$ cat protein-v7.cif   # mmCIF, C-alpha atoms
data_entry
#
loop_
_atom_site.label_atom_id
_atom_site.label_comp_id
_atom_site.auth_asym_id
_atom_site.auth_seq_id
_atom_site.Cartn_x
_atom_site.Cartn_y
_atom_site.Cartn_z
CA MET B 1 0.00 0.00 0.00
CA THR B 2 2.83 2.37 0.85
CA GLY B 3 4.37 1.72 -2.56
CA LEU B 4 1.10 2.53 -4.32
CA VAL B 5 0.76 5.80 -2.40
CA ALA B 6 4.32 6.73 -3.33
CA ARG B 7 3.74 5.95 -7.03
CA ILE B 8 0.57 8.05 -7.13
CA GLU B 9 2.33 10.95 -5.42
CA ALA B 10 5.25 10.76 -7.84
CA ALA B 11 2.95 10.58 -10.88
CA THR B 12 0.88 13.62 -9.85
CA PRO B 13 1.89 16.86 -11.58
CA PRO B 14 2.80 19.60 -9.08
CA ALA B 15 0.30 22.05 -10.62
CA ARG B 16 -2.65 19.67 -10.44
CA ASP B 17 -5.59 21.04 -8.43
CA ARG B 18 -6.25 18.06 -6.19
CA ALA B 19 -9.24 19.72 -4.53
CA VAL B 20 -11.20 19.75 -7.79
CA ASP B 21 -10.63 16.00 -8.11
CA ALA B 22 -11.82 15.60 -4.52
CA LEU B 23 -15.05 17.45 -5.29
CA ARG B 24 -15.69 15.18 -8.26
CA ALA B 25 -15.07 12.10 -6.14
CA LEU B 26 -17.39 13.36 -3.39
CA ALA B 27 -20.12 14.10 -5.95
CA ILE B 28 -19.96 10.61 -7.45
CA LEU B 29 -19.86 8.90 -4.06
CA GLY B 30 -22.79 11.04 -2.91
CA VAL B 31 -24.91 9.84 -5.82
CA VAL B 32 -23.92 6.22 -5.15
CA GLY B 33 -24.70 6.44 -1.44
CA GLY B 34 -27.99 8.18 -2.13
CA HIS B 35 -29.14 5.54 -4.60
CA TRP B 36 -28.26 2.72 -2.21
CA LEU B 37 -30.20 4.37 0.62
CA VAL B 38 -33.36 5.48 -1.20
CA THR B 39 -33.78 2.61 -3.66
CA ALA B 40 -35.26 -0.74 -2.69
CA LEU B 41 -36.02 -3.89 -4.68
CA VAL B 42 -39.12 -5.49 -3.17
CA THR B 43 -40.16 -9.07 -3.86
CA ASP B 44 -43.89 -9.20 -4.45
CA SER B 45 -45.88 -12.21 -5.74
CA GLY B 46 -42.95 -13.68 -7.63
CA THR B 47 -41.79 -10.40 -9.15
CA VAL B 48 -39.27 -7.76 -8.15
CA ARG B 49 -40.26 -4.10 -8.20
CA GLY B 50 -38.61 -0.87 -7.25
CA ALA B 51 -39.67 1.15 -4.20
CA SER B 52 -38.44 4.13 -2.20
CA PRO B 53 -38.38 4.56 1.59
CA LEU B 54 -39.14 8.27 1.06
CA SER B 55 -42.67 7.35 -0.02
CA SER B 56 -43.63 6.04 3.43
CA MET B 57 -40.97 7.72 5.60
CA PRO B 58 -40.83 11.41 4.64
CA GLN B 59 -38.91 12.08 7.85
CA PHE B 60 -35.84 10.76 6.03
CA THR B 61 -36.11 13.43 3.34
CA ALA B 62 -32.90 15.01 4.66
CA VAL B 63 -31.04 12.08 3.11
CA SER B 64 -31.77 13.58 -0.30
CA TRP B 65 -30.30 16.91 0.81
CA VAL B 66 -26.98 15.26 1.59
CA PHE B 67 -26.65 12.74 -1.21
CA GLN B 68 -28.16 14.53 -4.22
CA THR B 69 -24.81 15.97 -5.36
CA LEU B 70 -25.20 16.22 -9.13
CA ALA B 71 -24.90 20.01 -9.03
CA VAL B 72 -21.35 19.66 -7.68
CA PHE B 73 -20.52 17.23 -10.48
CA PHE B 74 -21.71 19.74 -13.09
CA LEU B 75 -19.84 22.54 -11.30
CA VAL B 76 -16.60 20.59 -11.56
CA GLY B 77 -17.42 19.61 -15.14
CA GLY B 78 -17.82 23.25 -16.12
CA MET B 79 -14.56 24.23 -14.43
CA VAL B 80 -12.55 21.47 -16.06
CA ALA B 81 -14.10 21.75 -19.53
CA ALA B 82 -13.71 25.53 -19.67
CA ARG B 83 -10.04 25.30 -18.73
CA SER B 84 -9.47 22.45 -21.16
CA TRP B 85 -11.11 24.28 -24.07
CA ALA B 86 -9.17 27.48 -23.35
CA SER B 87 -5.94 25.47 -23.38
CA ALA B 88 -6.94 23.66 -26.58
CA ARG B 89 -7.54 26.96 -28.35
CA LYS B 90 -4.14 28.29 -27.30
CA ARG B 91 -2.48 25.14 -28.65
CA GLY B 92 -4.43 25.26 -31.89
CA VAL B 93 -6.35 22.04 -31.25
CA PRO B 94 -9.49 22.00 -33.44
CA TYR B 95 -12.89 21.75 -31.80
CA GLY B 96 -13.68 18.36 -33.32
CA GLN B 97 -10.55 16.80 -31.92
CA TRP B 98 -11.08 18.36 -28.50
CA VAL B 99 -14.73 17.38 -28.08
CA GLY B 100 -14.18 13.95 -29.64
CA GLY B 101 -11.52 13.11 -27.09
CA ARG B 102 -13.61 14.24 -24.13
CA LEU B 103 -16.76 12.44 -25.26
CA ALA B 104 -14.83 9.24 -26.02
CA ARG B 105 -13.49 9.17 -22.45
CA LEU B 106 -17.01 9.79 -21.18
CA PHE B 107 -18.84 7.14 -23.19
CA ARG B 108 -16.26 4.36 -23.54
CA PRO B 109 -17.23 2.77 -20.19
CA VAL B 110 -20.95 3.25 -20.97
CA VAL B 111 -20.75 0.79 -23.86
CA ALA B 112 -19.67 -1.98 -21.49
CA VAL B 113 -22.60 -1.58 -19.11
CA LEU B 114 -25.11 -1.34 -21.97
CA VAL B 115 -23.82 -4.52 -23.62
CA VAL B 116 -23.61 -6.49 -20.38
CA TRP B 117 -27.14 -5.55 -19.35
CA ALA B 118 -28.60 -6.14 -22.80
CA LEU B 119 -27.19 -9.67 -22.66
CA ALA B 120 -28.29 -10.12 -19.04
CA ALA B 121 -31.84 -9.01 -19.85
CA ALA B 122 -32.03 -11.40 -22.79
CA ALA B 123 -30.67 -14.26 -20.67
CA MET B 124 -33.19 -13.60 -17.89
CA LEU B 125 -36.10 -13.55 -20.31
CA VAL B 126 -34.96 -16.82 -21.91
CA ALA B 127 -34.62 -18.35 -18.44
CA GLY B 128 -38.23 -17.50 -17.67
CA VAL B 129 -37.77 -14.47 -15.43
CA GLY B 130 -40.88 -12.30 -15.54
CA GLU B 131 -40.91 -9.35 -17.89
CA ALA B 132 -41.90 -6.98 -15.07
CA THR B 133 -38.87 -8.04 -13.02
CA VAL B 134 -36.47 -7.67 -15.96
CA ARG B 135 -37.91 -4.26 -16.75
CA ALA B 136 -37.50 -3.10 -13.13
CA LEU B 137 -33.87 -4.24 -12.99
CA VAL B 138 -32.89 -2.78 -16.35
CA LYS B 139 -34.59 0.52 -15.55
CA LEU B 140 -32.70 0.70 -12.28
CA VAL B 141 -29.38 0.41 -14.13
CA TRP B 142 -30.11 2.46 -17.22
CA SER B 143 -32.25 5.30 -15.85
CA PRO B 144 -29.32 7.11 -14.14
CA LEU B 145 -27.59 7.33 -17.52
CA TRP B 146 -29.78 10.29 -18.48
CA PHE B 147 -27.40 12.68 -16.79
CA LEU B 148 -24.51 11.51 -18.98
CA LEU B 149 -26.43 12.62 -22.07
CA VAL B 150 -26.96 16.06 -20.52
CA PHE B 151 -23.35 16.26 -19.43
CA ALA B 152 -22.17 15.26 -22.91
CA ALA B 153 -24.40 17.92 -24.49
CA LEU B 154 -23.05 20.63 -22.18
CA THR B 155 -19.49 19.48 -22.83
CA ALA B 156 -20.08 19.77 -26.56
CA LEU B 157 -21.55 23.24 -26.05
CA THR B 158 -18.64 24.45 -23.90
CA PRO B 159 -17.30 26.89 -26.55
CA LEU B 160 -20.75 28.57 -26.57
CA VAL B 161 -21.61 28.46 -22.87
CA ALA B 162 -18.17 28.91 -21.27
CA ARG B 163 -18.76 32.66 -21.00
CA LEU B 164 -22.48 32.49 -20.34
CA HIS B 165 -23.33 33.92 -16.94
CA PRO B 166 -25.20 31.35 -14.79
CA LEU B 167 -27.95 33.90 -14.12
CA TRP B 168 -29.24 33.45 -17.69
CA PRO B 169 -30.12 29.74 -17.44
CA LEU B 170 -31.39 30.40 -13.90
CA VAL B 171 -33.86 32.94 -15.34
CA VAL B 172 -34.95 30.31 -17.89
CA VAL B 173 -35.65 27.79 -15.12
CA LEU B 174 -37.60 30.43 -13.19
CA HIS B 175 -39.85 31.26 -16.14
CA VAL B 176 -40.35 27.63 -17.15
CA ASP B 177 -41.52 26.76 -13.63
CA LEU B 178 -43.70 29.85 -13.49
CA VAL B 179 -45.51 28.76 -16.66
CA ARG B 180 -45.71 25.01 -16.08
CA LEU B 181 -46.49 25.11 -12.34
CA GLY B 182 -47.80 28.56 -11.55
CA LEU B 183 -49.91 29.04 -14.69
CA ASP B 184 -50.73 25.37 -15.27
CA GLY B 185 -48.87 25.33 -18.58
CA PRO B 186 -47.91 22.23 -20.56
CA ARG B 187 -45.90 19.72 -18.56
CA GLU B 188 -43.66 19.10 -21.57
CA LEU B 189 -42.24 22.59 -21.09
CA GLY B 190 -40.44 21.26 -18.04
CA TRP B 191 -37.98 19.40 -20.23
CA VAL B 192 -36.37 22.72 -21.08
CA ASN B 193 -35.09 22.61 -17.51
CA VAL B 194 -33.23 19.36 -18.16
CA VAL B 195 -30.65 21.46 -19.99
CA ALA B 196 -31.20 24.87 -18.37
CA GLY B 197 -31.23 23.50 -14.83
CA TRP B 198 -27.87 21.75 -15.09
CA LEU B 199 -26.46 24.57 -17.20
CA VAL B 200 -26.61 26.76 -14.08
CA PRO B 201 -23.89 24.91 -12.09
CA TYR B 202 -21.98 24.13 -15.32
CA CYS B 203 -21.79 27.84 -16.19
CA LEU B 204 -20.95 28.57 -12.58
CA GLY B 205 -17.96 26.25 -12.90
CA ALA B 206 -16.90 28.00 -16.10
CA LEU B 207 -17.19 31.33 -14.28
CA VAL B 208 -14.88 30.04 -11.54
CA ALA B 209 -12.43 28.85 -14.22
CA ARG B 210 -12.34 32.41 -15.58
CA GLY B 211 -11.42 33.73 -12.15
CA GLY B 212 -14.86 34.60 -10.81
CA LEU B 213 -16.18 34.02 -7.29
CA ARG B 214 -12.73 34.05 -5.77
CA GLY B 215 -13.69 35.74 -2.53
CA ARG B 216 -15.11 33.85 0.42
CA ALA B 217 -17.88 36.44 0.74
CA SER B 218 -19.26 35.63 -2.71
CA ARG B 219 -19.11 31.90 -1.98
CA TRP B 220 -20.88 32.31 1.34
CA ALA B 221 -23.51 34.42 -0.43
CA LEU B 222 -24.00 31.61 -2.94
CA LEU B 223 -24.36 29.03 -0.16
CA LEU B 224 -26.72 31.06 2.04
CA GLY B 225 -28.70 32.58 -0.82
CA GLY B 226 -29.22 29.23 -2.53
CA ALA B 227 -30.24 27.55 0.73
CA ALA B 228 -32.65 30.37 1.63
CA GLY B 229 -34.19 30.24 -1.84
CA ALA B 230 -34.63 26.47 -1.74
CA PHE B 231 -36.23 26.50 1.72
CA ALA B 232 -38.53 29.38 0.77
CA LEU B 233 -39.69 27.53 -2.36
CA VAL B 234 -40.37 24.39 -0.33
CA LEU B 235 -42.14 26.17 2.53
CA TRP B 236 -44.23 28.69 0.59
CA ALA B 237 -44.27 27.79 -3.12
CA GLY B 238 -45.41 24.17 -2.90
CA TYR B 239 -42.23 22.46 -4.06
CA PRO B 240 -41.55 19.03 -2.50
CA ALA B 241 -38.92 18.87 0.22
CA SER B 242 -37.15 15.88 -1.30
CA MET B 243 -34.42 16.75 -3.78
CA VAL B 244 -34.93 13.41 -5.55
CA GLY B 245 -38.06 12.00 -7.12
CA VAL B 246 -40.47 10.18 -4.82
CA PRO B 247 -42.86 7.60 -6.34
CA GLY B 248 -46.41 8.90 -6.17
CA GLY B 249 -45.35 12.49 -5.58
CA ARG B 250 -47.27 15.34 -7.17
CA ILE B 251 -44.13 16.75 -8.80
CA SER B 252 -40.45 15.90 -8.75
CA ASN B 253 -37.61 18.29 -8.03
CA LEU B 254 -35.29 16.26 -10.22
CA ASP B 255 -37.29 14.95 -13.16
CA PRO B 256 -37.06 17.55 -14.63
CA PRO B 257 -34.95 19.85 -12.42
CA SER B 258 -37.12 22.38 -10.65
CA LEU B 259 -36.30 25.87 -9.47
CA ALA B 260 -36.05 24.49 -5.91
CA ALA B 261 -33.50 21.87 -7.00
CA VAL B 262 -31.46 24.49 -8.87
CA ALA B 263 -31.49 26.81 -5.86
CA PHE B 264 -30.41 23.96 -3.61
CA GLY B 265 -27.69 23.08 -6.15
CA LEU B 266 -26.39 26.64 -5.95
CA ALA B 267 -26.11 26.24 -2.18
CA GLN B 268 -24.18 23.01 -2.69
CA CYS B 269 -21.87 24.74 -5.18
CA GLY B 270 -21.21 27.54 -2.70
CA ALA B 271 -20.31 24.96 -0.04
CA ALA B 272 -18.09 23.09 -2.52
CA LEU B 273 -16.20 26.26 -3.45
CA LEU B 274 -15.68 27.07 0.23
CA LEU B 275 -14.20 23.59 0.69
CA LEU B 276 -11.55 24.04 -2.00
CA GLY B 277 -9.02 25.65 0.34
CA PRO B 278 -9.33 23.12 3.18
CA LEU B 279 -9.29 20.25 0.67
CA ARG B 280 -6.07 21.52 -0.93
CA ARG B 281 -4.41 21.59 2.46
CA ALA B 282 -5.68 18.14 3.42
CA LEU B 283 -4.66 16.58 0.13
CA ARG B 284 -1.04 17.57 0.53
CA ARG B 285 -0.84 14.33 2.50
CA PRO B 286 0.04 11.57 0.01
CA ALA B 287 -2.23 8.96 1.61
CA ALA B 288 -5.30 11.20 1.44
CA TRP B 289 -4.53 12.16 -2.15
CA ALA B 290 -4.04 8.52 -3.14
CA VAL B 291 -7.63 7.72 -2.11
CA VAL B 292 -8.99 10.62 -4.15
CA ALA B 293 -6.82 9.75 -7.16
CA VAL B 294 -7.94 6.11 -7.19
CA VAL B 295 -11.62 7.11 -6.98
CA ASN B 296 -11.16 9.61 -9.82
CA LEU B 297 -9.48 7.07 -12.05
CA ALA B 298 -12.60 4.92 -11.78
CA ALA B 299 -15.30 7.53 -11.07
CA MET B 300 -17.38 6.67 -14.13
CA THR B 301 -17.01 2.94 -13.50
CA VAL B 302 -18.23 3.41 -9.93
CA PHE B 303 -21.21 5.43 -11.14
CA LEU B 304 -22.15 3.07 -13.96
CA TRP B 305 -21.92 -0.16 -11.95
CA HIS B 306 -23.12 0.81 -8.46
CA GLN B 307 -26.73 -0.17 -9.17
CA THR B 308 -25.54 -3.44 -10.67
CA ALA B 309 -23.65 -4.15 -7.44
CA MET B 310 -26.82 -3.64 -5.41
CA ILE B 311 -28.80 -5.86 -7.78
CA VAL B 312 -26.19 -8.63 -7.63
CA VAL B 313 -26.37 -8.73 -3.83
CA THR B 314 -30.17 -8.51 -3.78
CA MET B 315 -30.79 -11.20 -6.40
CA SER B 316 -28.06 -13.51 -5.09
CA ALA B 317 -29.66 -13.45 -1.65
CA LEU B 318 -32.94 -14.61 -3.20
CA LEU B 319 -31.19 -17.72 -4.52
CA PHE B 320 -29.83 -18.75 -1.13
CA GLU B 321 -32.65 -17.71 1.21
CA ASP B 322 -36.16 -19.09 1.50
CA GLY B 323 -37.79 -15.74 2.16
CA PRO B 324 -37.20 -11.99 1.81
CA LEU B 325 -34.45 -10.45 3.91
CA PRO B 326 -35.01 -7.22 5.88
CA GLY B 327 -33.49 -4.17 4.25
CA LEU B 328 -32.94 -6.06 1.02
CA HIS B 329 -36.25 -7.47 -0.26
CA THR B 330 -38.80 -6.06 2.18
CA VAL B 331 -40.99 -3.00 1.80
CA PRO B 332 -39.09 0.11 2.99
CA ASP B 333 -41.70 1.45 5.38
CA ASP B 334 -40.13 1.66 8.85
CA ALA B 335 -36.94 2.47 10.72
CA GLY B 336 -36.07 -1.24 10.91
CA TRP B 337 -35.67 -1.28 7.14
CA VAL B 338 -33.29 1.69 7.33
CA LEU B 339 -31.13 0.02 9.99
CA ALA B 340 -31.05 -3.24 8.04
CA ARG B 341 -30.16 -1.40 4.82
CA LEU B 342 -27.20 0.26 6.53
CA LEU B 343 -25.89 -3.20 7.41
CA TRP B 344 -26.09 -4.24 3.75
CA LEU B 345 -24.07 -1.27 2.48
CA PRO B 346 -20.64 -2.89 3.07
CA LEU B 347 -21.72 -5.87 0.99
CA PHE B 348 -22.90 -3.53 -1.78
CA ALA B 349 -19.49 -1.86 -1.65
CA LEU B 350 -17.74 -5.24 -1.88
CA ALA B 351 -19.82 -6.17 -4.94
CA LEU B 352 -19.02 -2.78 -6.48
CA LEU B 353 -15.33 -3.45 -5.88
CA GLY B 354 -15.72 -6.63 -7.93
CA CYS B 355 -17.41 -4.69 -10.73
CA TRP B 356 -14.61 -2.13 -10.59
CA ALA B 357 -11.98 -4.85 -10.91
CA ALA B 358 -13.77 -6.36 -13.91
CA PHE B 359 -14.61 -3.20 -15.85
CA ARG B 360 -12.22 -0.42 -14.83
CA GLY B 361 -10.12 -0.98 -17.95
CA TYR B 362 -12.89 0.44 -20.14
CA GLU B 363 -12.57 3.77 -18.36
CA GLN B 364 -8.86 3.93 -17.70
CA GLY B 365 -7.88 3.04 -21.24
CA GLY B 366 -4.26 4.02 -21.63
CA ARG B 367 -3.81 5.39 -18.16
CA ARG B 368 -1.59 2.53 -17.10
CA THR B 369 1.92 2.19 -18.29
CA GLY B 370 3.34 -1.01 -19.63
CA GLY B 371 4.86 -1.76 -16.25
CA GLY B 372 1.50 -1.37 -14.55
CA SER B 373 2.34 1.81 -12.68
CA LEU B 374 -0.47 4.17 -11.97
CA VAL B 375 -0.55 7.35 -14.03
CA VAL B 376 -2.63 10.33 -12.93
CA ARG B 377 -4.06 12.11 -15.94
CA GLU B 378 -2.82 15.66 -16.23
CA SER B 379 -4.68 18.51 -17.83
CA ALA B 380 -2.99 20.59 -20.51
CA PRO B 381 -2.97 23.74 -18.38
CA ALA B 382 -1.29 21.80 -15.60
CA ARG B 383 1.33 20.47 -18.00
CA LYS B 384 2.21 24.03 -18.87
CA GLY B 385 2.27 24.94 -15.19
CA ARG B 386 -0.41 27.56 -15.57
CA ALA B 387 -3.38 25.88 -13.90
CA ARG B 388 -5.69 28.57 -12.61
CA ARG B 389 -6.66 27.94 -9.00
CA ALA B 390 -10.21 28.68 -7.99
#
$ encode --input "protein-v7.cif" --output "structure tokens"
Amino acid sequence: MTGLVARIEAATPPARDRAVDALRALAILGVVGGHWLVTALVTDSGTVRGASPLSSMPQFTAVSWVFQTLAVFFLVGGMVAARSWASARKRGVPYGQWVGGRLARLFRPVVAVLVVWALAAAAMLVAGVGEATVRALVKLVWSPLWFLLVFAALTALTPLVARLHPLWPLVVVLHVDLVRLGLDGPRELGWVNVVAGWLVPYCLGALVARGGLRGRASRWALLLGGAAGAFALVLWAGYPASMVGVPGGRISNLDPPSLAAVAFGLAQCGAALLLLGPLRRALRRPAAWAVVAVVNLAAMTVFLWHQTAMIVVTMSALLFEDGPLPGLHTVPDDAGWVLARLLWLPLFALALLGCWAAFRGYEQGGRRTGGGSLVVRESAPARKGRARRA
């Protein structure tokens, strides 16, 4: 272990902003933890269906405030893409080459999970597994992929949106919600927010990359203002308190993103920016940085396969047990389910580690040298020693 830490430290460029990598890792792990806590697979009359503990236990809504971290992921994405595109322009790299490289790294690991689950679904149907069960399992794995399409679209639009102030997409979200919710407009209008809603933190990240929001006062204003706006919208404007979708709910804050979710995301972004300084100091320690670096090297693999890991544990237990197990197959309707689910989390993590070992190569590509030593990918601005610190 000590040797691995030393190799990672030696392979890390001095100008690399380790705190940005830490924010990305925290965002991915937040999504994973949230899905494992608010998603249940319930066995019911020979079928398996999805359920959420938030439907019957709204007192656990605060879980969604902690683990719905997609805004931070888009914030980091905007920071990194804006810096990368600025560097590419200085070096004369054409747009097609730049965007092609970034999208290839994004979607290469997606192909693996799509192929594996297409084959798994076909095999289950041939083996006689009910169509409803197969549909529930496949939906659980594939439905989170929507955000990759949005992220890819924003990445491709980086040359156009890198200098767009985040207030503009925020105004779009405001007006869309005013029409669709306040004036009972067409529900389809909400899909405008799928792009506009996530464009807010993405443009915020690009603003930080240009040198904006450097002062702690502006970051505290973002945190407190976003939090106050989100709470006001929940308390007085009828938005749901949960920052993730709840089955049976009147509306969802996430599907599509609502003004409340965007405001809460701004608060999260303010908190993330305030953390940059402390994270930089903490990650000077090689052991702490090694953990962040390893997670970043497999961040997309972790995201793509975390639901599969939960399914593997859940379905495997059905094969070896006569009845449903608490926290795994039972209806999530009481505190006992929550406690039991917490006990299953280490086993989910172990299954995810197995998925990581099997499929990490699709993401890492050429990031390992012939001798097997770990290489930390370096951005072009860092290679030139001119990385701009937020």
$ residues_around --input "protein-v7.cif" --residues "B:Val246" --least-positions-apart "5" --cutoff "7 Å" --atoms "all atoms listed in the file" --output "MDAnalysis selection string"
chainID B and resid 52 54:55 252
$ residues_around --input "protein-v7.cif" --residues "B:Gly212" --least-positions-apart "5" --cutoff "12 Å" --atoms "only C-alpha atoms" --output "count of residues only"
15
$ residues_around --input "protein-v7.cif" --residues "stretch 18-33 of chain B" --least-positions-apart "3" --cutoff "6 Å" --atoms "only C-alpha atoms" --output "ChimeraX atom specification"
/B:36,67-69,72-73,276,279-280,292,296
$ atom_distance --input "protein-v7.cif" --atom1 "atom CA of B:Val42" --atom2 "atom CA of B:His329"
4.5 Å
$ residues_around --input "protein-v7.cif" --residues "stretch 89-102 of chain B" --least-positions-apart "3" --cutoff "9 Å" --atoms "only C-alpha atoms" --output "compact mmCIF listing (two decimals) with C-alpha atoms, in the coordinates of the input"
# COMPACT_ATOMS: atom_id res chain seq x y z
CA ALA B 81 -14.10 21.75 -19.53
CA SER B 84 -9.47 22.45 -21.16
CA TRP B 85 -11.11 24.28 -24.07
CA ALA B 86 -9.17 27.48 -23.35
CA ARG B 105 -13.49 9.17 -22.45
CA LEU B 106 -17.01 9.79 -21.18
CA PHE B 107 -18.84 7.14 -23.19
CA ALA B 152 -22.17 15.26 -22.91
CA THR B 155 -19.49 19.48 -22.83
CA ALA B 156 -20.08 19.77 -26.56
CA PRO B 159 -17.30 26.89 -26.55
$ atom_distance --input "protein-v7.cif" --atom1 "atom CA of B:Ala267" --atom2 "atom CA of B:Gly226"
4.3 Å
$ closest_residue --input "protein-v7.cif" --among "B:Gly277, B:Pro326, B:Gly3, B:Pro256" --to "B:Trp191" --atoms "all atoms listed in the file"
B:Pro256
